[in-house]
file my_file_3.tsv (TSV, N, CA and C atoms)
chain	number	residue	atom	x	y	z
U	1	MET	N	27.32	-3.07	34.06
U	1	MET	CA	26.30	-3.29	33.06
U	1	MET	C	24.94	-3.45	33.74
U	2	ALA	N	23.96	-2.79	33.21
U	2	ALA	CA	22.61	-2.84	33.76
U	2	ALA	C	21.84	-4.03	33.17
U	3	ALA	N	20.74	-4.34	33.82
U	3	ALA	CA	19.86	-5.40	33.34
U	3	ALA	C	18.42	-4.92	33.49
U	4	ARG	N	17.53	-5.57	32.75
U	4	ARG	CA	16.11	-5.27	32.83
U	4	ARG	C	15.36	-6.58	33.00
U	5	PHE	N	14.35	-6.56	33.88
U	5	PHE	CA	13.59	-7.74	34.24
U	5	PHE	C	12.11	-7.42	34.16
U	6	GLN	N	11.35	-8.24	33.43
U	6	GLN	CA	9.90	-8.05	33.37
U	6	GLN	C	9.24	-9.02	34.35
U	7	VAL	N	8.40	-8.49	35.23
U	7	VAL	CA	7.78	-9.27	36.28
U	7	VAL	C	6.47	-9.89	35.78
U	8	HIS	N	6.31	-11.18	36.07
U	8	HIS	CA	5.04	-11.87	35.79
U	8	HIS	C	4.20	-12.01	37.05
U	9	GLN	N	4.88	-12.24	38.18
U	9	GLN	CA	4.16	-12.34	39.45
U	9	GLN	C	5.10	-12.11	40.62
U	10	ALA	N	4.51	-11.74	41.76
U	10	ALA	CA	5.27	-11.55	42.99
U	10	ALA	C	4.90	-12.67	43.96
U	11	VAL	N	5.88	-13.09	44.76
U	11	VAL	CA	5.65	-14.13	45.76
U	11	VAL	C	6.31	-13.71	47.07
U	12	ASN	N	5.69	-14.11	48.18
U	12	ASN	CA	6.27	-13.86	49.49
U	12	ASN	C	6.70	-15.20	50.07
U	13	LEU	N	7.90	-15.25	50.59
U	13	LEU	CA	8.43	-16.45	51.23
U	13	LEU	C	8.69	-16.10	52.70
U	14	PRO	N	7.62	-16.01	53.51
U	14	PRO	CA	7.75	-15.49	54.87
U	14	PRO	C	8.65	-16.29	55.78
U	15	ASP	N	8.76	-17.59	55.56
U	15	ASP	CA	9.63	-18.41	56.40
U	15	ASP	C	11.11	-18.08	56.20
U	16	ARG	N	11.42	-17.41	55.07
U	16	ARG	CA	12.81	-17.03	54.76
U	16	ARG	C	13.00	-15.52	54.73
U	17	TYR	N	11.94	-14.76	55.04
U	17	TYR	CA	11.97	-13.30	54.98
U	17	TYR	C	12.42	-12.82	53.61
U	18	LEU	N	11.87	-13.46	52.58
U	18	LEU	CA	12.20	-13.08	51.21
U	18	LEU	C	10.94	-12.73	50.44
U	19	PHE	N	11.05	-11.72	49.62
U	19	PHE	CA	10.00	-11.32	48.69
U	19	PHE	C	10.57	-11.60	47.31
U	20	GLY	N	9.80	-12.25	46.44
U	20	GLY	CA	10.31	-12.63	45.14
U	20	GLY	C	9.53	-12.05	43.98
U	21	LEU	N	10.24	-11.76	42.91
U	21	LEU	CA	9.63	-11.32	41.66
U	21	LEU	C	10.01	-12.33	40.59
U	22	SER	N	9.00	-13.05	40.06
U	22	SER	CA	9.23	-14.05	39.01
U	22	SER	C	8.93	-13.42	37.67
U	23	GLY	N	9.73	-13.80	36.68
U	23	GLY	CA	9.50	-13.25	35.35
U	23	GLY	C	10.59	-13.62	34.38
U	24	VAL	N	10.94	-12.65	33.53
U	24	VAL	CA	11.87	-12.88	32.43
U	24	VAL	C	12.96	-11.82	32.43
U	25	ILE	N	14.19	-12.26	32.28
U	25	ILE	CA	15.29	-11.30	32.10
U	25	ILE	C	15.25	-10.85	30.65
U	26	GLU	N	14.96	-9.56	30.44
U	26	GLU	CA	14.83	-9.04	29.07
U	26	GLU	C	16.15	-8.55	28.50
U	27	GLU	N	17.04	-8.14	29.39
U	27	GLU	CA	18.27	-7.52	28.91
U	27	GLU	C	19.35	-7.67	29.97
U	28	GLY	N	20.57	-7.97	29.56
U	28	GLY	CA	21.68	-8.05	30.49
U	28	GLY	C	21.69	-9.32	31.31
U	29	MET	N	22.49	-9.30	32.37
U	29	MET	CA	22.60	-10.43	33.30
U	29	MET	C	22.29	-9.94	34.70
U	30	VAL	N	21.58	-10.76	35.45
U	30	VAL	CA	21.19	-10.41	36.82
U	30	VAL	C	22.09	-11.16	37.80
U	31	HIS	N	22.58	-10.45	38.81
U	31	HIS	CA	23.45	-11.04	39.82
U	31	HIS	C	23.00	-10.61	41.21
U	32	THR	N	23.31	-11.42	42.20
U	32	THR	CA	23.06	-11.01	43.57
U	32	THR	C	23.88	-9.75	43.86
U	33	GLY	N	23.34	-8.89	44.70
U	33	GLY	CA	24.02	-7.65	45.05
U	33	GLY	C	23.66	-6.47	44.18
U	34	MET	N	22.93	-6.70	43.08
U	34	MET	CA	22.53	-5.58	42.23
U	34	MET	C	21.37	-4.83	42.89
U	35	ASP	N	21.34	-3.52	42.68
U	35	ASP	CA	20.23	-2.70	43.16
U	35	ASP	C	19.11	-2.71	42.12
U	36	ALA	N	17.89	-2.84	42.61
U	36	ALA	CA	16.73	-2.91	41.73
U	36	ALA	C	15.78	-1.75	42.02
U	37	VAL	N	15.27	-1.14	40.95
U	37	VAL	CA	14.26	-0.09	41.08
U	37	VAL	C	13.17	-0.35	40.04
U	38	LEU	N	11.97	0.05	40.38
U	38	LEU	CA	10.84	-0.07	39.47
U	38	LEU	C	11.01	0.97	38.39
U	39	GLU	N	10.97	0.55	37.11
U	39	GLU	CA	11.20	1.47	36.00
U	39	GLU	C	10.08	2.48	35.84
U	40	ASP	N	8.86	2.02	35.91
U	40	ASP	CA	7.72	2.89	35.64
U	40	ASP	C	6.99	3.25	36.94
U	41	GLU	N	7.75	3.85	37.86
U	41	GLU	CA	7.17	4.23	39.15
U	41	GLU	C	6.09	5.28	38.95
U	42	THR	N	5.02	5.10	39.67
U	42	THR	CA	3.99	6.12	39.76
U	42	THR	C	3.78	6.39	41.24
U	43	GLU	N	3.00	7.38	41.56
U	43	GLU	CA	2.79	7.70	42.97
U	43	GLU	C	2.29	6.49	43.74
U	44	GLY	N	2.96	6.17	44.82
U	44	GLY	CA	2.56	5.06	45.66
U	44	GLY	C	3.09	3.70	45.22
U	45	THR	N	3.90	3.65	44.16
U	45	THR	CA	4.40	2.36	43.70
U	45	THR	C	5.93	2.30	43.69
U	46	SER	N	6.57	2.96	44.62
U	46	SER	CA	8.03	2.94	44.61
U	46	SER	C	8.54	1.59	45.10
U	47	PHE	N	9.64	1.17	44.54
U	47	PHE	CA	10.29	-0.07	44.93
U	47	PHE	C	11.79	0.09	44.79
U	48	GLU	N	12.50	-0.23	45.84
U	48	GLU	CA	13.96	-0.30	45.81
U	48	GLU	C	14.37	-1.50	46.63
U	49	GLY	N	15.33	-2.24	46.15
U	49	GLY	CA	15.83	-3.39	46.88
U	49	GLY	C	17.13	-3.87	46.29
U	50	THR	N	17.84	-4.68	47.05
U	50	THR	CA	19.07	-5.30	46.59
U	50	THR	C	18.80	-6.78	46.38
U	51	VAL	N	19.19	-7.29	45.23
U	51	VAL	CA	18.93	-8.69	44.90
U	51	VAL	C	19.68	-9.58	45.89
U	52	HIS	N	18.93	-10.38	46.61
U	52	HIS	CA	19.49	-11.31	47.59
U	52	HIS	C	19.88	-12.62	46.91
U	53	GLY	N	19.08	-13.02	45.91
U	53	GLY	CA	19.35	-14.26	45.20
U	53	GLY	C	18.53	-14.35	43.91
U	54	VAL	N	18.92	-15.26	43.06
U	54	VAL	CA	18.17	-15.58	41.85
U	54	VAL	C	17.86	-17.06	41.94
U	55	GLU	N	16.57	-17.38	42.04
U	55	GLU	CA	16.15	-18.76	42.29
U	55	GLU	C	15.13	-19.20	41.24
U	56	TYR	N	14.94	-20.50	41.18
U	56	TYR	CA	13.92	-21.08	40.31
U	56	TYR	C	13.02	-21.94	41.18
U	57	PHE	N	11.72	-21.65	41.17
U	57	PHE	CA	10.77	-22.40	41.98
U	57	PHE	C	9.92	-23.28	41.09
U	58	PRO	N	9.57	-24.48	41.54
U	58	PRO	CA	8.70	-25.34	40.75
U	58	PRO	C	7.33	-24.70	40.57
U	59	GLN	N	6.80	-24.79	39.37
U	59	GLN	CA	5.48	-24.25	39.06
U	59	GLN	C	4.96	-24.94	37.81
U	60	ASP	N	3.73	-24.65	37.46
U	60	ASP	CA	3.18	-25.19	36.22
U	60	ASP	C	3.91	-24.56	35.04
U	61	GLY	N	4.29	-25.35	34.08
U	61	GLY	CA	4.99	-24.84	32.92
U	61	GLY	C	6.47	-24.66	33.23
U	62	PRO	N	7.18	-23.99	32.31
U	62	PRO	CA	8.62	-23.82	32.52
U	62	PRO	C	8.91	-22.90	33.70
U	63	SER	N	9.96	-23.20	34.43
U	63	SER	CA	10.36	-22.37	35.57
U	63	SER	C	10.91	-21.04	35.07
U	64	GLU	N	10.58	-19.99	35.80
U	64	GLU	CA	11.08	-18.66	35.49
U	64	GLU	C	12.03	-18.23	36.60
U	65	PRO	N	13.00	-17.40	36.26
U	65	PRO	CA	13.87	-16.89	37.32
U	65	PRO	C	13.06	-16.03	38.29
U	66	THR	N	13.39	-16.13	39.56
U	66	THR	CA	12.76	-15.32	40.59
U	66	THR	C	13.85	-14.55	41.31
U	67	LEU	N	13.75	-13.22	41.26
U	67	LEU	CA	14.67	-12.37	42.00
U	67	LEU	C	14.15	-12.28	43.42
U	68	THR	N	14.98	-12.57	44.40
U	68	THR	CA	14.53	-12.49	45.79
U	68	THR	C	15.18	-11.30	46.49
U	69	PHE	N	14.40	-10.71	47.39
U	69	PHE	CA	14.82	-9.53	48.14
U	69	PHE	C	14.55	-9.80	49.62
U	70	HIS	N	15.56	-9.60	50.45
U	70	HIS	CA	15.44	-9.84	51.88
U	70	HIS	C	14.74	-8.66	52.54
U	71	TYR	N	13.88	-8.95	53.51
U	71	TYR	CA	13.23	-7.88	54.27
U	71	TYR	C	13.14	-8.27	55.74
U	72	ARG	N	13.09	-7.29	56.60
U	72	ARG	CA	12.82	-7.48	58.03
U	72	ARG	C	11.70	-6.54	58.47
U	73	ASP	N	11.51	-5.47	57.73
U	73	ASP	CA	10.53	-4.45	58.07
U	73	ASP	C	9.16	-4.82	57.48
U	74	PRO	N	8.15	-5.08	58.32
U	74	PRO	CA	6.83	-5.45	57.80
U	74	PRO	C	6.19	-4.34	56.96
U	75	GLU	N	6.54	-3.09	57.23
U	75	GLU	CA	5.99	-1.98	56.43
U	75	GLU	C	6.54	-2.01	55.00
U	76	LYS	N	7.82	-2.36	54.89
U	76	LYS	CA	8.42	-2.48	53.55
U	76	LYS	C	7.73	-3.60	52.78
U	77	LEU	N	7.52	-4.73	53.42
U	77	LEU	CA	6.84	-5.85	52.77
U	77	LEU	C	5.43	-5.44	52.36
U	78	LYS	N	4.72	-4.78	53.23
U	78	LYS	CA	3.35	-4.34	52.93
U	78	LYS	C	3.34	-3.42	51.70
U	79	ARG	N	4.30	-2.50	51.61
U	79	ARG	CA	4.40	-1.60	50.46
U	79	ARG	C	4.69	-2.39	49.19
U	80	TRP	N	5.63	-3.35	49.27
U	80	TRP	CA	5.97	-4.16	48.10
U	80	TRP	C	4.77	-4.98	47.64
U	81	GLU	N	4.03	-5.55	48.60
U	81	GLU	CA	2.88	-6.39	48.24
U	81	GLU	C	1.73	-5.58	47.66
U	82	SER	N	1.70	-4.28	47.92
U	82	SER	CA	0.61	-3.44	47.43
U	82	SER	C	0.74	-3.11	45.94
U	83	ILE	N	1.90	-3.37	45.38
U	83	ILE	CA	2.14	-3.06	43.95
U	83	ILE	C	1.53	-4.15	43.08
U	84	ASN	N	0.85	-3.75	42.03
U	84	ASN	CA	0.36	-4.69	41.02
U	84	ASN	C	1.53	-5.00	40.09
U	85	TRP	N	2.21	-6.09	40.34
U	85	TRP	CA	3.49	-6.39	39.69
U	85	TRP	C	3.39	-6.88	38.26
U	86	GLU	N	2.30	-7.51	37.89
U	86	GLU	CA	2.22	-8.14	36.57
U	86	GLU	C	2.52	-7.15	35.45
U	87	GLY	N	3.56	-7.47	34.67
U	87	GLY	CA	3.94	-6.64	33.53
U	87	GLY	C	4.88	-5.50	33.85
U	88	LYS	N	5.16	-5.26	35.12
U	88	LYS	CA	6.08	-4.18	35.49
U	88	LYS	C	7.51	-4.56	35.12
U	89	ARG	N	8.33	-3.54	34.92
U	89	ARG	CA	9.74	-3.77	34.61
U	89	ARG	C	10.60	-3.21	35.73
U	90	VAL	N	11.64	-3.97	36.05
U	90	VAL	CA	12.59	-3.58	37.08
U	90	VAL	C	13.95	-3.39	36.41
U	91	ARG	N	14.61	-2.30	36.75
U	91	ARG	CA	15.95	-2.03	36.24
U	91	ARG	C	16.94	-2.39	37.35
U	92	LEU	N	17.99	-3.10	36.96
U	92	LEU	CA	19.00	-3.56	37.92
U	92	LEU	C	20.36	-3.01	37.55
U	93	GLU	N	21.05	-2.46	38.55
U	93	GLU	CA	22.37	-1.91	38.32
U	93	GLU	C	23.27	-2.22	39.51
U	94	TRP	N	24.57	-2.19	39.29
U	94	TRP	CA	25.51	-2.36	40.38
U	94	TRP	C	25.50	-1.12	41.24
U	95	SER	N	25.58	-1.30	42.53
U	95	SER	CA	25.56	-0.19	43.49
U	95	SER	C	26.81	0.65	43.34
U	96	ASN	N	26.64	1.94	43.60
U	96	ASN	CA	27.79	2.87	43.57
U	96	ASN	C	28.44	3.01	44.93
U	97	HIS	N	27.88	2.35	45.96
U	97	HIS	CA	28.46	2.49	47.31
U	97	HIS	C	29.06	1.20	47.78
call {"tool": "encode", "arguments": {"input": "my_file_3.tsv", "output": "structure tokens"}}
result
Amino acid sequence: MAARFQVHQAVNLPDRYLFGLSGVIEEGMVHTGMDAVLEDETEGTSFEGTVHGVEYFPQDGPSEPTLTFHYRDPEKLKRWESINWEGKRVRLEWSNH
């Protein structure tokens, strides 16, 4: 079963080598190990990752789920950080491999 997630903001957790997308689960259930892709990709805004965890971080107002993605490649992180995440939707599916 697939899921859809609307992003409100992106966060980098460099001490843990994690990149996070905070927002709202719009459809389905999100689990670690699911593959994530940006639904409305345009040139230069590609995103692919495997959900490393689903966490809740303290913030002003109600906590939102944050999907975390592990990285080691600084170029991958730079590409992810270059995306204007607010309002973007991510589709999540179980891997076929």
call {"tool": "atom_distance", "arguments": {"input": "my_file_3.tsv", "atom1": "atom N of His8 (chain U)", "atom2": "CA of Ser95 (chain U)"}}
result
23.4 Å
call {"tool": "select_by_dssp", "arguments": {"input": "my_file_3.tsv", "residues": "chain U", "states": "alpha helix (DSSP H)", "output": "ChimeraX atom specification"}}
result
/U:74-81
call {"tool": "atom_distance", "arguments": {"input": "my_file_3.tsv", "atom1": "CA of Trp80 (chain U)", "atom2": "CA of Asn12 (chain U)"}}
result
9.8 Å
call {"tool": "closest_atom_pairs", "arguments": {"input": "my_file_3.tsv", "of": "region 62-81 of chain U", "to": "region 13-27 of chain U", "cutoff": "6 Å", "atoms": "only N, CA and C atoms", "output": "tab-separated table"}}
result
residue	atom	partner	partner_atom	distance
U:Glu64	C	U:Gly23	N	5.0
U:Pro65	C	U:Gly23	N	4.3
U:Thr66	CA	U:Leu21	C	4.1
U:Leu67	N	U:Leu21	C	3.9
U:Thr68	CA	U:Gly20	CA	4.3
U:Phe69	N	U:Phe19	C	3.9
U:His70	CA	U:Tyr17	C	4.6
U:Tyr71	N	U:Tyr17	C	4.1
call {"tool": "select_by_dssp", "arguments": {"input": "my_file_3.tsv", "residues": "region 22-53 of chain U", "states": "strand (DSSP E)", "output": "compact mmCIF listing (two decimals) with N, CA and C atoms, in the coordinates of the input"}}
result
# COMPACT_ATOMS: atom_id res chain seq x y z
N SER U 22 9.00 -13.05 40.06
CA SER U 22 9.23 -14.05 39.01
C SER U 22 8.93 -13.42 37.67
N GLY U 23 9.73 -13.80 36.68
CA GLY U 23 9.50 -13.25 35.35
C GLY U 23 10.59 -13.62 34.38
N VAL U 24 10.94 -12.65 33.53
CA VAL U 24 11.87 -12.88 32.43
C VAL U 24 12.96 -11.82 32.43
N ILE U 25 14.19 -12.26 32.28
CA ILE U 25 15.29 -11.30 32.10
C ILE U 25 15.25 -10.85 30.65
N GLU U 26 14.96 -9.56 30.44
CA GLU U 26 14.83 -9.04 29.07
C GLU U 26 16.15 -8.55 28.50
N GLU U 27 17.04 -8.14 29.39
CA GLU U 27 18.27 -7.52 28.91
C GLU U 27 19.35 -7.67 29.97
N ASP U 35 21.34 -3.52 42.68
CA ASP U 35 20.23 -2.70 43.16
C ASP U 35 19.11 -2.71 42.12
N ALA U 36 17.89 -2.84 42.61
CA ALA U 36 16.73 -2.91 41.73
C ALA U 36 15.78 -1.75 42.02
N VAL U 37 15.27 -1.14 40.95
CA VAL U 37 14.26 -0.09 41.08
C VAL U 37 13.17 -0.35 40.04
N LEU U 38 11.97 0.05 40.38
CA LEU U 38 10.84 -0.07 39.47
C LEU U 38 11.01 0.97 38.39
N GLU U 48 12.50 -0.23 45.84
CA GLU U 48 13.96 -0.30 45.81
C GLU U 48 14.37 -1.50 46.63
N GLY U 49 15.33 -2.24 46.15
CA GLY U 49 15.83 -3.39 46.88
C GLY U 49 17.13 -3.87 46.29
N THR U 50 17.84 -4.68 47.05
CA THR U 50 19.07 -5.30 46.59
C THR U 50 18.80 -6.78 46.38
N VAL U 51 19.19 -7.29 45.23
CA VAL U 51 18.93 -8.69 44.90
C VAL U 51 19.68 -9.58 45.89
N HIS U 52 18.93 -10.38 46.61
CA HIS U 52 19.49 -11.31 47.59
C HIS U 52 19.88 -12.62 46.91
N GLY U 53 19.08 -13.02 45.91
CA GLY U 53 19.35 -14.26 45.20
C GLY U 53 18.53 -14.35 43.91
call {"tool": "closest_residue", "arguments": {"input": "my_file_3.tsv", "among": "U:Phe57, U:Gly33, U:Pro74, U:Lys88", "to": "Val11 (chain U)", "atoms": "only C-alpha atoms"}}
result
U:Phe57
